[in-house]
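J.: Structure supplied as model-v2.cif; contents: mmCIF, N, CA and C atoms.
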data_coords
loop_
_atom_site.label_atom_id
_atom_site.label_comp_id
_atom_site.auth_asym_id
_atom_site.auth_seq_id
_atom_site.Cartn_x
_atom_site.Cartn_y
_atom_site.Cartn_z
N MET A 7 183.21 199.81 83.36
CA MET A 7 182.31 200.46 82.41
C MET A 7 183.09 200.90 81.19
N ARG A 8 182.42 200.83 80.05
CA ARG A 8 183.08 201.27 78.82
C ARG A 8 183.15 202.78 78.78
N LYS A 9 184.21 203.31 78.27
CA LYS A 9 184.42 204.75 78.18
C LYS A 9 183.84 205.27 76.86
N GLY A 10 183.33 206.51 76.91
CA GLY A 10 182.87 207.18 75.71
C GLY A 10 181.44 206.88 75.28
N ILE A 11 180.70 206.06 76.03
CA ILE A 11 179.32 205.75 75.61
C ILE A 11 178.29 206.47 76.47
N HIS A 12 178.71 207.08 77.56
CA HIS A 12 177.78 207.74 78.46
C HIS A 12 177.75 209.24 78.19
N PRO A 13 176.59 209.88 78.35
CA PRO A 13 176.49 211.32 78.05
C PRO A 13 177.34 212.15 79.01
N GLU A 14 177.83 213.25 78.49
CA GLU A 14 178.68 214.16 79.28
C GLU A 14 177.86 215.04 80.21
N ASN A 15 176.66 215.44 79.80
CA ASN A 15 175.89 216.43 80.54
C ASN A 15 174.81 215.81 81.45
N TYR A 16 175.06 214.66 82.02
CA TYR A 16 174.13 214.01 82.94
C TYR A 16 174.23 214.71 84.29
N ARG A 17 173.19 215.47 84.67
CA ARG A 17 173.25 216.30 85.87
C ARG A 17 171.87 216.42 86.49
N LEU A 18 171.79 217.01 87.68
CA LEU A 18 170.50 217.27 88.32
C LEU A 18 169.79 218.39 87.57
N VAL A 19 168.50 218.17 87.31
CA VAL A 19 167.67 219.13 86.59
C VAL A 19 166.38 219.31 87.37
N ALA A 20 165.87 220.55 87.41
CA ALA A 20 164.59 220.84 88.05
C ALA A 20 163.49 220.75 87.00
N PHE A 21 162.48 219.92 87.27
CA PHE A 21 161.31 219.81 86.41
C PHE A 21 160.16 220.49 87.12
N LYS A 22 159.49 221.44 86.43
CA LYS A 22 158.40 222.21 87.03
C LYS A 22 157.10 221.93 86.28
N ASP A 23 156.10 221.47 87.03
CA ASP A 23 154.76 221.25 86.48
C ASP A 23 154.06 222.61 86.44
N MET A 24 153.76 223.11 85.24
CA MET A 24 153.21 224.45 85.10
C MET A 24 151.74 224.53 85.52
N SER A 25 151.04 223.40 85.62
CA SER A 25 149.63 223.45 86.01
C SER A 25 149.45 223.64 87.51
N ASN A 26 150.43 223.21 88.31
CA ASN A 26 150.29 223.37 89.77
C ASN A 26 151.57 223.87 90.44
N ASP A 27 152.56 224.28 89.68
CA ASP A 27 153.82 224.85 90.17
C ASP A 27 154.62 223.91 91.07
N GLU A 28 154.43 222.62 90.94
CA GLU A 28 155.21 221.63 91.69
C GLU A 28 156.58 221.48 91.02
N VAL A 29 157.65 221.42 91.82
CA VAL A 29 159.00 221.28 91.30
C VAL A 29 159.62 220.03 91.89
N PHE A 30 160.28 219.22 91.04
CA PHE A 30 161.02 218.07 91.55
C PHE A 30 162.35 217.98 90.82
N LEU A 31 163.33 217.42 91.50
CA LEU A 31 164.69 217.30 90.97
C LEU A 31 164.96 215.85 90.60
N THR A 32 165.61 215.67 89.47
CA THR A 32 166.05 214.35 89.04
C THR A 32 167.19 214.53 88.06
N LYS A 33 167.92 213.47 87.82
CA LYS A 33 169.03 213.56 86.88
C LYS A 33 168.50 213.43 85.45
N SER A 34 169.10 214.21 84.56
CA SER A 34 168.65 214.22 83.17
C SER A 34 169.73 214.80 82.27
N THR A 35 169.61 214.53 80.98
CA THR A 35 170.49 215.13 79.98
C THR A 35 169.72 216.14 79.13
N ALA A 36 168.51 216.51 79.54
CA ALA A 36 167.67 217.44 78.78
C ALA A 36 168.35 218.80 78.64
N ASP A 37 168.36 219.32 77.41
CA ASP A 37 168.95 220.64 77.16
C ASP A 37 167.94 221.71 77.51
N THR A 38 168.38 222.74 78.19
CA THR A 38 167.51 223.85 78.57
C THR A 38 168.34 225.10 78.75
N LYS A 39 167.72 226.25 78.52
CA LYS A 39 168.40 227.53 78.69
C LYS A 39 167.96 228.23 79.96
N GLU A 40 166.83 227.81 80.53
CA GLU A 40 166.31 228.44 81.73
C GLU A 40 166.87 227.75 82.97
N THR A 41 166.91 228.52 84.07
CA THR A 41 167.35 227.96 85.34
C THR A 41 166.35 228.32 86.43
N LEU A 42 166.42 227.58 87.53
CA LEU A 42 165.54 227.79 88.66
C LEU A 42 166.33 227.53 89.94
N GLU A 43 166.13 228.39 90.93
CA GLU A 43 166.82 228.21 92.20
C GLU A 43 165.94 227.42 93.15
N VAL A 44 166.48 226.30 93.64
CA VAL A 44 165.77 225.44 94.58
C VAL A 44 166.69 225.23 95.78
N ASP A 45 166.22 225.62 96.96
CA ASP A 45 166.98 225.49 98.21
C ASP A 45 168.36 226.14 98.11
N GLY A 46 168.41 227.28 97.46
CA GLY A 46 169.67 228.03 97.37
C GLY A 46 170.62 227.55 96.29
N VAL A 47 170.27 226.55 95.53
CA VAL A 47 171.11 226.02 94.46
C VAL A 47 170.39 226.22 93.14
N GLU A 48 171.12 226.66 92.11
CA GLU A 48 170.53 226.92 90.81
C GLU A 48 170.64 225.68 89.92
N TYR A 49 169.50 225.26 89.36
CA TYR A 49 169.43 224.07 88.50
C TYR A 49 168.87 224.45 87.14
N PRO A 50 169.24 223.71 86.07
CA PRO A 50 168.58 223.90 84.78
C PRO A 50 167.09 223.55 84.94
N LEU A 51 166.22 224.27 84.24
CA LEU A 51 164.77 224.11 84.39
C LEU A 51 164.14 223.54 83.12
N VAL A 52 163.31 222.50 83.31
CA VAL A 52 162.49 221.94 82.24
C VAL A 52 161.04 222.11 82.66
N LYS A 53 160.24 222.78 81.81
CA LYS A 53 158.83 223.02 82.13
C LYS A 53 157.98 221.90 81.55
N LEU A 54 157.03 221.41 82.37
CA LEU A 54 156.12 220.34 81.97
C LEU A 54 154.69 220.83 82.03
N GLU A 55 153.84 220.36 81.12
CA GLU A 55 152.41 220.69 81.18
C GLU A 55 151.70 219.80 82.19
N ILE A 56 152.17 218.58 82.34
CA ILE A 56 151.52 217.64 83.24
C ILE A 56 152.57 216.69 83.80
N SER A 57 152.43 216.32 85.05
CA SER A 57 153.38 215.41 85.69
C SER A 57 152.62 214.50 86.64
N ARG A 58 153.35 213.75 87.43
CA ARG A 58 152.70 212.81 88.37
C ARG A 58 151.87 213.54 89.42
N THR A 59 152.15 214.81 89.67
CA THR A 59 151.40 215.56 90.68
C THR A 59 150.09 216.13 90.16
N SER A 60 149.92 216.16 88.82
CA SER A 60 148.68 216.71 88.28
C SER A 60 147.95 215.75 87.35
N HIS A 61 148.54 214.61 87.01
CA HIS A 61 147.89 213.67 86.10
C HIS A 61 146.76 212.94 86.82
N PRO A 62 145.57 212.86 86.20
CA PRO A 62 144.42 212.23 86.85
C PRO A 62 144.65 210.78 87.27
N PHE A 63 145.48 210.05 86.55
CA PHE A 63 145.74 208.67 86.91
C PHE A 63 146.39 208.58 88.29
N TYR A 64 147.32 209.48 88.57
CA TYR A 64 148.03 209.45 89.85
C TYR A 64 147.29 210.17 90.97
N THR A 65 146.54 211.21 90.61
CA THR A 65 145.84 211.98 91.64
C THR A 65 144.47 211.40 91.98
N GLY A 66 143.89 210.63 91.07
CA GLY A 66 142.56 210.08 91.29
C GLY A 66 141.46 211.07 91.00
N LYS A 67 141.81 212.24 90.51
CA LYS A 67 140.83 213.27 90.18
C LYS A 67 140.77 213.41 88.67
N ALA A 68 139.57 213.43 88.13
CA ALA A 68 139.40 213.66 86.70
C ALA A 68 139.09 215.13 86.50
N LYS A 69 140.06 215.87 86.03
CA LYS A 69 139.82 217.29 85.76
C LYS A 69 140.16 217.58 84.31
N PHE A 70 139.45 218.53 83.73
CA PHE A 70 139.64 218.90 82.34
C PHE A 70 140.75 219.93 82.26
N LEU A 71 141.77 219.64 81.48
CA LEU A 71 142.91 220.54 81.37
C LEU A 71 143.19 220.79 79.89
N ASP A 72 142.79 221.95 79.40
CA ASP A 72 143.00 222.31 78.00
C ASP A 72 143.75 223.64 77.98
N THR A 73 145.03 223.60 78.32
CA THR A 73 145.80 224.83 78.45
C THR A 73 146.11 225.48 77.12
N ALA A 74 146.24 224.69 76.07
CA ALA A 74 146.64 225.26 74.79
C ALA A 74 145.47 225.47 73.84
N GLY A 75 144.24 225.21 74.27
CA GLY A 75 143.08 225.36 73.39
C GLY A 75 143.09 224.34 72.27
N ARG A 76 143.57 223.14 72.56
CA ARG A 76 143.73 222.12 71.53
C ARG A 76 142.40 221.70 70.92
N ILE A 77 141.36 221.66 71.71
CA ILE A 77 140.06 221.25 71.18
C ILE A 77 139.54 222.28 70.19
N ASP A 78 139.66 223.57 70.55
CA ASP A 78 139.22 224.63 69.64
C ASP A 78 140.04 224.63 68.36
N LYS A 79 141.35 224.41 68.46
CA LYS A 79 142.20 224.36 67.28
C LYS A 79 141.76 223.23 66.36
N PHE A 80 141.47 222.07 66.95
CA PHE A 80 141.03 220.92 66.17
C PHE A 80 139.72 221.21 65.45
N LYS A 81 138.74 221.77 66.18
CA LYS A 81 137.45 222.07 65.56
C LYS A 81 137.60 223.08 64.44
N ASN A 82 138.39 224.13 64.65
CA ASN A 82 138.59 225.14 63.62
C ASN A 82 139.30 224.57 62.41
N LYS A 83 140.25 223.68 62.64
CA LYS A 83 141.03 223.09 61.54
C LYS A 83 140.15 222.25 60.64
N TYR A 84 139.22 221.49 61.22
CA TYR A 84 138.42 220.56 60.43
C TYR A 84 137.03 221.07 60.08
N ASP A 85 136.72 222.34 60.41
CA ASP A 85 135.45 222.94 60.00
C ASP A 85 135.34 223.01 58.48
N LYS A 86 136.45 223.22 57.80
CA LYS A 86 136.42 223.37 56.35
C LYS A 86 136.11 222.05 55.63
N PHE A 87 136.22 220.92 56.31
CA PHE A 87 135.95 219.63 55.70
C PHE A 87 134.51 219.17 55.85
N LYS A 88 133.71 219.95 56.56
CA LYS A 88 132.30 219.58 56.74
C LYS A 88 131.60 219.62 55.40
N LYS A 89 130.73 218.64 55.16
CA LYS A 89 129.99 218.58 53.90
C LYS A 89 128.53 218.84 54.19
N GLY A 90 128.08 220.03 53.93
CA GLY A 90 126.67 220.36 54.04
C GLY A 90 126.08 220.21 55.40
N GLY A 91 126.10 221.26 56.16
CA GLY A 91 125.41 221.25 57.44
C GLY A 91 126.35 221.33 58.62
N THR A 92 125.74 221.59 59.75
CA THR A 92 126.50 221.68 60.98
C THR A 92 126.79 220.29 61.50
N SER A 93 127.61 220.22 62.52
CA SER A 93 127.95 218.92 63.09
C SER A 93 126.73 218.24 63.68
N GLU A 94 125.77 219.01 64.20
CA GLU A 94 124.55 218.42 64.77
C GLU A 94 123.72 217.77 63.67
N GLU A 95 123.63 218.44 62.49
CA GLU A 95 122.86 217.89 61.40
C GLU A 95 123.51 216.62 60.87
N ILE A 96 124.83 216.61 60.81
CA ILE A 96 125.55 215.44 60.32
C ILE A 96 125.34 214.26 61.26
N LYS A 97 125.32 214.50 62.58
CA LYS A 97 125.13 213.43 63.55
C LYS A 97 123.76 212.78 63.42
N THR A 98 122.73 213.58 63.04
CA THR A 98 121.37 213.06 63.02
C THR A 98 121.01 212.40 61.69
N LYS A 99 121.81 212.59 60.64
CA LYS A 99 121.51 211.96 59.36
C LYS A 99 121.75 210.45 59.47
N GLU A 100 120.86 209.67 58.86
CA GLU A 100 120.99 208.23 58.92
C GLU A 100 121.56 207.70 57.61
N THR A 101 122.39 206.69 57.71
CA THR A 101 122.87 206.01 56.51
C THR A 101 121.78 205.09 56.03
N PRO A 102 121.82 204.61 54.78
CA PRO A 102 120.77 203.72 54.27
C PRO A 102 120.61 202.46 55.12
N LYS A 103 121.70 201.86 55.58
CA LYS A 103 121.60 200.65 56.39
C LYS A 103 120.89 200.93 57.71
N VAL A 104 121.25 202.05 58.34
CA VAL A 104 120.62 202.40 59.62
C VAL A 104 119.15 202.68 59.41
N ALA A 105 118.80 203.37 58.32
CA ALA A 105 117.40 203.68 58.03
C ALA A 105 116.60 202.39 57.82
N ALA A 106 117.18 201.41 57.12
CA ALA A 106 116.49 200.14 56.88
C ALA A 106 116.27 199.38 58.18
N LYS A 107 117.28 199.37 59.06
CA LYS A 107 117.14 198.69 60.34
C LYS A 107 116.08 199.37 61.20
N THR A 108 116.05 200.69 61.17
CA THR A 108 115.07 201.44 61.95
C THR A 108 113.67 201.14 61.44
N ALA A 109 113.50 201.11 60.12
CA ALA A 109 112.20 200.82 59.52
C ALA A 109 111.76 199.40 59.86
N ALA A 110 112.71 198.47 59.87
CA ALA A 110 112.38 197.08 60.18
C ALA A 110 111.91 196.93 61.62
N LYS A 111 112.48 197.69 62.52
CA LYS A 111 112.10 197.63 63.93
C LYS A 111 110.72 198.23 64.15
N GLU A 112 110.40 199.29 63.41
CA GLU A 112 109.15 200.01 63.62
C GLU A 112 107.96 199.36 62.92
N ALA A 113 108.20 198.69 61.79
CA ALA A 113 107.11 198.11 61.00
C ALA A 113 106.71 196.76 61.60
N PRO A 114 105.43 196.42 61.47
CA PRO A 114 104.98 195.09 61.92
C PRO A 114 105.60 194.00 61.07
N LYS A 115 105.74 192.81 61.64
CA LYS A 115 106.35 191.70 60.92
C LYS A 115 105.49 191.33 59.71
N GLY A 116 106.17 190.97 58.63
CA GLY A 116 105.47 190.54 57.42
C GLY A 116 105.28 191.64 56.41
N GLU A 117 105.41 192.91 56.79
CA GLU A 117 105.20 194.01 55.85
C GLU A 117 106.47 194.34 55.07
N ILE A 118 107.63 194.09 55.66
CA ILE A 118 108.88 194.43 54.99
C ILE A 118 109.42 193.19 54.32
N LYS A 119 109.68 193.31 53.02
CA LYS A 119 110.24 192.19 52.28
C LYS A 119 111.71 192.46 52.01
N SER A 120 112.49 191.45 52.13
CA SER A 120 113.91 191.60 51.82
C SER A 120 114.10 191.50 50.33
N ASN A 121 115.29 191.80 49.83
CA ASN A 121 115.59 191.76 48.41
C ASN A 121 115.41 190.34 47.85
N SER A 122 115.71 189.31 48.63
CA SER A 122 115.61 187.93 48.13
C SER A 122 114.15 187.53 47.96
N GLU A 123 113.23 188.05 48.74
CA GLU A 123 111.84 187.71 48.64
C GLU A 123 111.17 188.34 47.41
N GLU A 124 111.66 189.52 46.99
CA GLU A 124 111.04 190.23 45.88
C GLU A 124 111.30 189.55 44.57
N GLU A 125 112.39 188.80 44.41
CA GLU A 125 112.75 188.17 43.14
C GLU A 125 112.05 186.92 42.89
#
Translate this structure into structure tokens?

T.:
Amino acid sequence: MRKGIHPENYRLVAFKDMSNDEVFLTKSTADTKETLEVDGVEYPLVKLEISRTSHPFYTGKAKFLDTAGRIDKFKNKYDKFKKGGTSEEIKTKETPKVAAKTAAKEAPKGEIKSNSEEE
């Protein structure tokens, strides 16, 4: 092996899933100031919001996890960009193309003329 290309601080680190308090050990170079005692041995601690023990893909359970209030932050951030009306009103407004298609579906055939027919 070549010398000088491998990290110096490659060691066992404790990773803790904060959503379910699961702890697992693996080797890592992650920098951390916190430590955790596992089986009488103290390891550097890295805190995770989600891991293989709580991720819906691995658990098969679909659960809603919004620990940081990210959805509320997003809504509050973009409230100032709304143009006239609440989000419900904006959702129900129709664009001109959608309105024309809706009118064409509701009207009997032969009553609606296209632009090419009028000329």

J.: Please determine, counting only C-alpha atoms, which residue among A:Val29, A:Leu51, A:Ala36, A:Ile56 has the shortest atom-to-atom distance to Asn15 of chain A.

T.: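 The closest residue to Asn15 of chain A is A:Ala36.
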
J.: Quick one: everything within 5 Å of segment 18-22 of chain A, counting only N, CA and C atoms, minus sequence neighbours fewer than 3 positions away in the same chain. Send it as a ChimeraX atom specification.

T.: /A:28-34,49-54

J.: Which residue, A:Met24, A:Gly46, A:Arg17, A:His12, has the smallest gap to Thr59 of chain A when you use only C-alpha atoms?

T.: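 Comparing A:Met24, A:Gly46, A:Arg17, A:His12 against Thr59 of chain A, the winner is A:Met24.
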
J.: If you take every atom of segment 27-43 of chain A that the file lists and fit an axis-aligned box around them with 3 Å extra on each side, what centre and edge lengths come out in Å to one decimal, as lines of an AutoDock Vina configuration file?

T.:
center_x = 161.5
center_y = 221.0
center_z = 85.2
size_x = 23.9
size_y = 21.1
size_z = 22.0

J.: Hey, can you check how far atom CA of His61 of chain A sits from atom CA of Ser25 of chain A?

T.: 9.9 Å

J.: Atom CA of Tyr16 of chain A and atom CA of Thr38 of chain A are how many Å apart?

T.: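 Atom CA of Tyr16 of chain A sits 12.6 Å away from atom CA of Thr38 of chain A.
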
J.: Record the distance separating atom CA of Gly10 of chain A and atom CA of Thr41 of chain A, expressed in Å with one decimal.

T.: 27.7 Å

J.: For each of A:Asp45, A:Glu14, A:Asp78, A:Asp27, take the minimum atom-to-atom distance to Ser57 of chain A, counting only C-alpha atoms, then give the residue where this is smallest.

T.: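 With only C-alpha atoms as the atom set, the closest residue is A:Asp27.
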